[in-house]
Amino acid sequence: MTLSKLSLRNAKRQAGDYLVYFVTVVMAAGLLYSFNGLAFSQEIQELSEKMDTLPIIIVLASIAVVCVFGWLVSYATGFMLSRRSRELGTYILIGLTNQQVARLFFLENLSVGGAALALGLVLGGFLYQFLRAILFAMFGLPYHFSLAFSVPAAGLTLFYFALIYLHALRKSRKRIQRMKIYDLIYFEKQNEGMIIQKGNSRRLVFAVSLVLGMAGTVLLMLGELMTGIIGSGCLIAALFGYFLSFASGVPAFFDKYPAQKYRGQNLLIFRTLSAKLSTMGIIMAIISMIFTATIITEGSGLMFNGLFRGRSAENACFDLYFAIEGEDQDPSPYLDYIAEYIPVEQSVLYQVYLTDSPTVRDYIESQTVYYYYNYDQDPILRWSDYAALRSIAGYPTVEPEPGRYLIHCMTYLEEPLRNYDQPITLGSITLSPGSVCTERLSQSFGVANGRGYILVVPDEAVDGLAVHHLAYAAKTSQPVPAAQYDALTDIAATEYNKQENPANYALVSTKANEDAQVAVQTAIFVFPLFYLALALTMTAATILTIQQLSETERYRRQFVLLRKLGMARREMAQALSRQFTVYYVMPAVPPVLIAAPIIFHLTRVPEPGVMVGMSSPLVIVAISLGLFFLIYSIYILLAYTSLKRNVLPQ
């Protein structure tokens, strides 16, 4: 049999024995091709002029993904070399040279990588269509399926795979060429040694690890560069200390509490676990670090998505809005352009007034976090203007309450303002607090309908009040195109420059522009974060699964022996499932404890009133953990099903 035929046969067997690894590499190729397709797509670039930075962001994210998958391939290749070292040593014994064996190993792994790349390009074509459909939906454009092959994207993916595989296989080839027959045959026996031997050292390292983990989490939440670097170092040290001390601490625990050793299936489960950890404590720590980075990356992506959508939703409640700061401003240039170019179904031109004192604002500040920015007094809106704004936005009618004022606020201010009971006096009119409404009403600008809240009073009550700004809101018969939005912003810039002492500014906002901004920001920031998070999860879960499935033969011998000793199949299945649970849960527990508070803290950084509803801190933490465990559980289920089928006696 020639080397090429032997390598092809071994490649087929390798793909079958390490199916999870092969499928992950196929998915890696698909992910790389699909995102490269976005980077090279002229169609995607034409969605918005601000998408010109997307290729750069995707390339940077792809470099990180290539490093992650490169580590996976390098680790898996080295692991397979150790598992097949006896076979390779036998080839040398029967007459092959080290160079021939190295070439054999190189060719069979290159064949696996080539097959994975070919399948990945096919998968990537469909993944690209999925991403393309999402982008078109975000820009409000119709999607039509059109399967196409991108030569530049495929070429870049091939370049990435060449770097990954040639680097990993070059290392293995050099190692085989240098190794003697004895080294190859006994290479599989070389495991990670137990680093911490003494009980006192174990307990000290374990305690220090817990302290470092808590300190590192707190330091990361401070948000400073130096404290973040120190916190990251503390977390890395904590994870390594935790797994190294745990691996050597299980036997010590049973020595101290011997009664626990023989309770139920503890001896079988924890003996197997400690043996596994003693040979891969360091890799467990690395995987735990990757899981931590994965959950934080997913949480960051969800946080950015919620931030972009929350800001846009508040600002885009009107199809068209503009405001001019100051009391004596001329809106005619804007109105003339709108009358000529933009079909308007309903509109209102109005003013936002100010009271003499910030009574309500002071109360809000005493109750919650509040940023008032451009308002030194409480903002006031006439009831007739408020009714017109509600109609334009499509909200139900609210009837005025005689002798009372209404408060319209963002949702995060609803609770404190419902408890507000102080009247206001405007000239000779005194009004008591009335209803509180919380629909979106463009309340996050400096020249909007108040900053977070506004008081709505009868029309006659505003006489003599100072004007903060003039505003215009409209419902249009069709979305305002980008060209018309740009023309209105040019008018605002021109009018601002005409002022002798520019102090007042103007703002233009359209729903279409806000939606486009969200789509661009999501594509540039959120997509790459989830791209990286998926790569991290797949890599770490694949390494864990490879390690577990590599023990199939040992598990089979173990359970055959237990069957001979009288253990029922149901008990063996329970023992196997518990071993699986502990094995897969261990590297996931520290990341959850570290990442959850960090994500919760990150989601509370943006200004109040933005991260609400499905973007609230607790929801984002729950979704981040849910996404992580969804992907992780797929690998666990695949590994458990395969192992249970192959090792339990029938």
# chains A, B, ... in the order shown; residues from 1 in each chain; ligands from 1

call {"tool": "residues_around", "arguments": {"residues": "Leu135 of chain A", "least_positions_apart": "4", "cutoff": "8 Å", "atoms": "only C-alpha atoms", "output": "ChimeraX atom specification"}}
result
/A:131,139,519,523

call {"tool": "residues_around", "arguments": {"residues": "segment 115-123 of chain A", "least_positions_apart": "5", "cutoff": "10 Å", "atoms": "only C-alpha atoms", "output": "PyMOL selection string"}}
result
chain A and resi 11+15+22-34+109-110+128+149-150+153-154+157-158+161

call {"tool": "write_last_selection", "arguments": {"atoms": "N, CA, C and O atoms", "output": "mmCIF file, in the first residue's frame"}}
result
data_model
loop_
_atom_site.group_PDB
_atom_site.id
_atom_site.type_symbol
_atom_site.label_atom_id
_atom_site.label_comp_id
_atom_site.auth_asym_id
_atom_site.auth_seq_id
_atom_site.Cartn_x
_atom_site.Cartn_y
_atom_site.Cartn_z
ATOM 1 N N ALA A 11 -7.093 9.068 6.985
ATOM 2 C CA ALA A 11 -7.868 10.316 7.051
ATOM 3 C C ALA A 11 -9.348 10.028 7.217
ATOM 4 O O ALA A 11 -10.052 10.687 7.991
ATOM 5 N N ALA A 15 -11.519 11.096 10.474
ATOM 6 C CA ALA A 15 -12.745 11.902 10.406
ATOM 7 C C ALA A 15 -13.885 11.218 11.139
ATOM 8 O O ALA A 15 -14.731 11.872 11.764
ATOM 9 N N PHE A 22 -14.180 17.206 13.337
ATOM 10 C CA PHE A 22 -14.328 17.426 11.900
ATOM 11 C C PHE A 22 -15.494 18.368 11.608
ATOM 12 O O PHE A 22 -15.374 19.293 10.798
ATOM 13 N N VAL A 23 -16.622 18.138 12.272
ATOM 14 C CA VAL A 23 -17.795 18.997 12.064
ATOM 15 C C VAL A 23 -17.494 20.428 12.510
ATOM 16 O O VAL A 23 -17.896 21.401 11.848
ATOM 17 N N THR A 24 -16.763 20.577 13.608
ATOM 18 C CA THR A 24 -16.414 21.923 14.080
ATOM 19 C C THR A 24 -15.528 22.640 13.079
ATOM 20 O O THR A 24 -15.696 23.852 12.820
ATOM 21 N N VAL A 25 -14.575 21.930 12.477
ATOM 22 C CA VAL A 25 -13.704 22.551 11.472
ATOM 23 C C VAL A 25 -14.515 22.938 10.234
ATOM 24 O O VAL A 25 -14.281 23.990 9.635
ATOM 25 N N VAL A 26 -15.482 22.105 9.860
ATOM 26 C CA VAL A 26 -16.373 22.462 8.747
ATOM 27 C C VAL A 26 -17.134 23.747 9.067
ATOM 28 O O VAL A 26 -17.241 24.667 8.231
ATOM 29 N N MET A 27 -17.668 23.835 10.280
ATOM 30 C CA MET A 27 -18.395 25.035 10.689
ATOM 31 C C MET A 27 -17.464 26.244 10.752
ATOM 32 O O MET A 27 -17.870 27.366 10.425
ATOM 33 N N ALA A 28 -16.217 26.013 11.155
ATOM 34 C CA ALA A 28 -15.245 27.110 11.183
ATOM 35 C C ALA A 28 -15.020 27.661 9.783
ATOM 36 O O ALA A 28 -15.003 28.886 9.568
ATOM 37 N N ALA A 29 -14.853 26.755 8.817
ATOM 38 C CA ALA A 29 -14.685 27.202 7.433
ATOM 39 C C ALA A 29 -15.927 27.943 6.950
ATOM 40 O O ALA A 29 -15.823 28.969 6.247
ATOM 41 N N GLY A 30 -17.112 27.429 7.320
ATOM 42 C CA GLY A 30 -18.350 28.100 6.923
ATOM 43 C C GLY A 30 -18.468 29.492 7.507
ATOM 44 O O GLY A 30 -18.873 30.439 6.817
ATOM 45 N N LEU A 31 -18.123 29.646 8.792
ATOM 46 C CA LEU A 31 -18.181 30.959 9.421
ATOM 47 C C LEU A 31 -17.210 31.938 8.759
ATOM 48 O O LEU A 31 -17.555 33.091 8.464
ATOM 49 N N LEU A 32 -15.978 31.481 8.535
ATOM 50 C CA LEU A 32 -14.980 32.358 7.919
ATOM 51 C C LEU A 32 -15.424 32.792 6.527
ATOM 52 O O LEU A 32 -15.329 33.968 6.169
ATOM 53 N N TYR A 33 -15.924 31.847 5.734
ATOM 54 C CA TYR A 33 -16.351 32.198 4.372
ATOM 55 C C TYR A 33 -17.542 33.149 4.384
ATOM 56 O O TYR A 33 -17.576 34.120 3.612
ATOM 57 N N SER A 34 -18.527 32.891 5.251
ATOM 58 C CA SER A 34 -19.734 33.733 5.254
ATOM 59 C C SER A 34 -19.418 35.169 5.657
ATOM 60 O O SER A 34 -19.916 36.121 5.037
ATOM 61 N N ASN A 109 -3.791 14.493 7.705
ATOM 62 C CA ASN A 109 -4.428 15.645 8.347
ATOM 63 C C ASN A 109 -4.740 16.738 7.344
ATOM 64 O O ASN A 109 -5.745 17.443 7.479
ATOM 65 N N LEU A 110 -3.885 16.868 6.332
ATOM 66 C CA LEU A 110 -4.164 17.845 5.277
ATOM 67 C C LEU A 110 -5.394 17.426 4.483
ATOM 68 O O LEU A 110 -6.189 18.278 4.057
ATOM 69 N N TYR A 128 -23.927 32.702 4.602
ATOM 70 C CA TYR A 128 -23.861 34.056 4.047
ATOM 71 C C TYR A 128 -25.253 34.551 3.670
ATOM 72 O O TYR A 128 -25.595 35.714 3.918
ATOM 73 N N PHE A 149 -21.145 32.486 -5.561
ATOM 74 C CA PHE A 149 -19.850 32.091 -5.009
ATOM 75 C C PHE A 149 -18.900 33.278 -5.110
ATOM 76 O O PHE A 149 -18.698 33.837 -6.192
ATOM 77 N N SER A 150 -18.339 33.677 -3.966
ATOM 78 C CA SER A 150 -17.409 34.807 -3.918
ATOM 79 C C SER A 150 -15.984 34.275 -3.974
ATOM 80 O O SER A 150 -15.511 33.651 -3.018
ATOM 81 N N ALA A 153 -13.718 35.895 -1.230
ATOM 82 C CA ALA A 153 -14.009 35.343 0.101
ATOM 83 C C ALA A 153 -13.461 33.932 0.232
ATOM 84 O O ALA A 153 -12.893 33.568 1.271
ATOM 85 N N ALA A 154 -13.623 33.124 -0.821
ATOM 86 C CA ALA A 154 -13.089 31.760 -0.783
ATOM 87 C C ALA A 154 -11.565 31.774 -0.733
ATOM 88 O O ALA A 154 -10.947 30.974 -0.018
ATOM 89 N N THR A 157 -10.502 32.683 2.768
ATOM 90 C CA THR A 157 -10.746 31.539 3.654
ATOM 91 C C THR A 157 -9.691 30.461 3.451
ATOM 92 O O THR A 157 -9.193 29.868 4.423
ATOM 93 N N LEU A 158 -9.340 30.202 2.179
ATOM 94 C CA LEU A 158 -8.279 29.237 1.881
ATOM 95 C C LEU A 158 -6.950 29.682 2.488
ATOM 96 O O LEU A 158 -6.195 28.866 3.037
ATOM 97 N N PHE A 161 -7.060 28.984 6.199
ATOM 98 C CA PHE A 161 -6.915 27.560 6.483
ATOM 99 C C PHE A 161 -5.489 27.085 6.228
ATOM 100 O O PHE A 161 -4.984 26.203 6.936
#

call {"tool": "closest_residue", "arguments": {"among": "A:Pro590, A:Ala533, A:Met611, A:Met538", "to": "Phe243 of chain A", "atoms": "only C-alpha atoms"}}
result
A:Pro590

call {"tool": "residues_around", "arguments": {"residues": "Glu46 of chain A", "least_positions_apart": "5", "cutoff": "12 Å", "atoms": "only C-alpha atoms", "output": "PyMOL selection string"}}
result
chain A and resi 38-41+51-52+54+135-136+139+520

call {"tool": "closest_residue", "arguments": {"among": "A:Gly403, A:Glu49, A:Gln422, A:Gly301", "to": "Phe525 of chain A", "atoms": "only C-alpha atoms"}}
result
A:Gly301

call {"tool": "select_by_dssp", "arguments": {"residues": "segment 28-158 of chain A", "states": "alpha helix (DSSP H)", "output": "PyMOL selection string"}}
result
chain A and resi 28-40+42-45+54-83+85-93+98-138+151-158

call {"tool": "atom_distance", "arguments": {"atom1": "atom CA of Glu607 of chain A", "atom2": "atom CA of Met226 of chain A"}}
result
24.1 Å

call {"tool": "residues_around", "arguments": {"residues": "Tyr386 of chain A", "least_positions_apart": "2", "cutoff": "10 Å", "atoms": "only C-alpha atoms", "output": "ChimeraX atom specification"}}
result
/A:348,350,381-384,388-392,398,408,441,449,455-457

call {"tool": "write_last_selection", "arguments": {"atoms": "all heavy atoms", "output": "compact mmCIF listing (two decimals), in the first residue's frame"}}
result
# COMPACT_ATOMS: atom_id res chain seq x y z
N VAL A 348 -47.06 69.20 13.47
CA VAL A 348 -47.30 70.24 14.46
C VAL A 348 -46.00 71.02 14.69
O VAL A 348 -44.93 70.43 14.78
CB VAL A 348 -47.82 69.65 15.79
CG1 VAL A 348 -46.82 68.66 16.39
CG2 VAL A 348 -48.12 70.76 16.80
N TYR A 350 -44.41 73.62 17.36
CA TYR A 350 -44.72 73.99 18.74
C TYR A 350 -43.47 74.45 19.47
O TYR A 350 -42.35 74.41 18.92
CB TYR A 350 -45.35 72.80 19.47
CG TYR A 350 -44.44 71.59 19.59
CD1 TYR A 350 -43.73 71.33 20.75
CD2 TYR A 350 -44.29 70.70 18.51
CE1 TYR A 350 -42.90 70.23 20.87
CE2 TYR A 350 -43.46 69.59 18.62
CZ TYR A 350 -42.76 69.36 19.80
OH TYR A 350 -41.94 68.28 19.89
N LEU A 381 -45.00 71.70 28.32
CA LEU A 381 -45.60 71.55 27.00
C LEU A 381 -47.09 71.87 27.08
O LEU A 381 -47.75 71.49 28.04
CB LEU A 381 -45.41 70.10 26.51
CG LEU A 381 -45.74 69.79 25.06
CD1 LEU A 381 -44.84 70.57 24.11
CD2 LEU A 381 -45.59 68.28 24.81
N ARG A 382 -47.57 72.61 26.08
CA ARG A 382 -49.01 72.92 26.04
C ARG A 382 -49.80 71.66 25.73
O ARG A 382 -49.37 70.79 24.99
CB ARG A 382 -49.30 73.97 24.97
CG ARG A 382 -48.71 75.33 25.24
CD ARG A 382 -49.32 76.38 24.34
NE ARG A 382 -49.34 75.97 22.94
CZ ARG A 382 -49.97 76.65 21.97
NH1 ARG A 382 -50.64 77.74 22.27
NH2 ARG A 382 -49.93 76.22 20.72
N TRP A 383 -51.03 71.59 26.30
CA TRP A 383 -51.85 70.41 26.12
C TRP A 383 -52.21 70.18 24.66
O TRP A 383 -52.18 69.04 24.16
CB TRP A 383 -53.12 70.50 26.96
CG TRP A 383 -53.85 69.19 26.95
CD1 TRP A 383 -54.74 68.74 26.02
CD2 TRP A 383 -53.67 68.12 27.88
NE1 TRP A 383 -55.14 67.46 26.32
CE2 TRP A 383 -54.51 67.06 27.46
CE3 TRP A 383 -52.91 67.96 29.03
CZ2 TRP A 383 -54.59 65.87 28.15
CZ3 TRP A 383 -53.00 66.77 29.72
CH2 TRP A 383 -53.83 65.74 29.28
N SER A 384 -52.53 71.21 23.91
CA SER A 384 -52.91 71.04 22.51
C SER A 384 -51.75 70.50 21.69
O SER A 384 -51.94 69.65 20.80
CB SER A 384 -53.39 72.37 21.92
OG SER A 384 -52.37 73.36 22.02
N ALA A 388 -51.48 66.76 19.82
CA ALA A 388 -51.06 66.60 18.42
C ALA A 388 -49.89 65.62 18.31
O ALA A 388 -49.85 64.80 17.39
CB ALA A 388 -50.69 67.96 17.84
N LEU A 389 -48.95 65.70 19.23
CA LEU A 389 -47.80 64.78 19.20
C LEU A 389 -48.24 63.34 19.40
O LEU A 389 -47.74 62.43 18.73
CB LEU A 389 -46.79 65.17 20.28
CG LEU A 389 -46.01 66.47 20.05
CD1 LEU A 389 -45.16 66.80 21.27
CD2 LEU A 389 -45.11 66.35 18.82
N ARG A 390 -49.18 63.12 20.31
CA ARG A 390 -49.68 61.76 20.52
C ARG A 390 -50.38 61.24 19.27
O ARG A 390 -50.23 60.07 18.91
CB ARG A 390 -50.65 61.74 21.71
CG ARG A 390 -50.01 61.97 23.06
CD ARG A 390 -51.01 61.76 24.20
NE ARG A 390 -51.43 60.37 24.27
CZ ARG A 390 -50.82 59.43 24.98
NH1 ARG A 390 -49.73 59.74 25.69
NH2 ARG A 390 -51.27 58.19 24.99
N SER A 391 -51.12 62.08 18.61
CA SER A 391 -51.81 61.68 17.39
C SER A 391 -50.82 61.33 16.29
O SER A 391 -50.97 60.32 15.59
CB SER A 391 -52.75 62.79 16.93
OG SER A 391 -53.37 62.46 15.71
N ILE A 392 -49.79 62.16 16.13
CA ILE A 392 -48.77 61.91 15.10
C ILE A 392 -48.04 60.60 15.38
O ILE A 392 -47.73 59.83 14.46
CB ILE A 392 -47.79 63.09 15.03
CG1 ILE A 392 -48.51 64.34 14.50
CG2 ILE A 392 -46.57 62.76 14.18
CD1 ILE A 392 -47.68 65.61 14.62
N VAL A 398 -55.57 61.08 25.24
CA VAL A 398 -55.62 61.25 26.69
C VAL A 398 -56.42 62.51 26.98
O VAL A 398 -56.12 63.59 26.44
CB VAL A 398 -54.20 61.35 27.30
CG1 VAL A 398 -54.29 61.65 28.79
CG2 VAL A 398 -53.43 60.07 27.06
N HIS A 408 -45.37 63.36 31.39
CA HIS A 408 -44.98 62.35 30.41
C HIS A 408 -43.49 62.09 30.59
O HIS A 408 -42.67 63.00 30.51
CB HIS A 408 -45.25 62.81 28.97
CG HIS A 408 -45.19 61.67 27.99
ND1 HIS A 408 -46.31 61.16 27.37
CD2 HIS A 408 -44.15 60.92 27.53
CE1 HIS A 408 -45.96 60.16 26.59
NE2 HIS A 408 -44.64 60.01 26.67
N LEU A 441 -41.58 59.48 23.45
CA LEU A 441 -41.96 60.81 22.96
C LEU A 441 -40.72 61.65 22.65
O LEU A 441 -40.73 62.86 22.83
CB LEU A 441 -42.85 61.53 23.99
CG LEU A 441 -43.70 62.67 23.45
CD1 LEU A 441 -44.82 62.13 22.57
CD2 LEU A 441 -44.29 63.50 24.61
N ASN A 449 -38.51 66.78 23.76
CA ASN A 449 -39.67 67.02 24.61
C ASN A 449 -39.32 66.73 26.06
O ASN A 449 -39.89 65.85 26.71
CB ASN A 449 -40.84 66.15 24.13
CG ASN A 449 -41.24 66.49 22.71
OD1 ASN A 449 -41.38 67.65 22.36
ND2 ASN A 449 -41.39 65.46 21.88
N LEU A 455 -43.69 68.29 31.68
CA LEU A 455 -44.98 68.57 32.31
C LEU A 455 -45.93 69.13 31.27
O LEU A 455 -45.59 70.08 30.55
CB LEU A 455 -44.79 69.58 33.45
CG LEU A 455 -43.64 69.29 34.44
CD1 LEU A 455 -43.62 70.36 35.53
CD2 LEU A 455 -43.79 67.90 35.04
N VAL A 456 -47.12 68.55 31.17
CA VAL A 456 -48.12 68.97 30.19
C VAL A 456 -49.20 69.75 30.93
O VAL A 456 -49.84 69.22 31.85
CB VAL A 456 -48.72 67.76 29.46
CG1 VAL A 456 -49.71 68.23 28.39
CG2 VAL A 456 -47.61 66.91 28.82
N VAL A 457 -49.42 71.01 30.52
CA VAL A 457 -50.33 71.91 31.24
C VAL A 457 -51.35 72.49 30.27
O VAL A 457 -51.15 72.44 29.05
CB VAL A 457 -49.54 73.04 31.93
CG1 VAL A 457 -48.52 72.46 32.90
CG2 VAL A 457 -48.86 73.94 30.90

call {"tool": "select_by_dssp", "arguments": {"residues": "segment 263-496 of chain A", "states": "strand (DSSP E or B)", "output": "PyMOL selection string"}}
result
chain A and resi 320-325+344-354+379-382+404-409+424-426+429-437+453-457+466-476
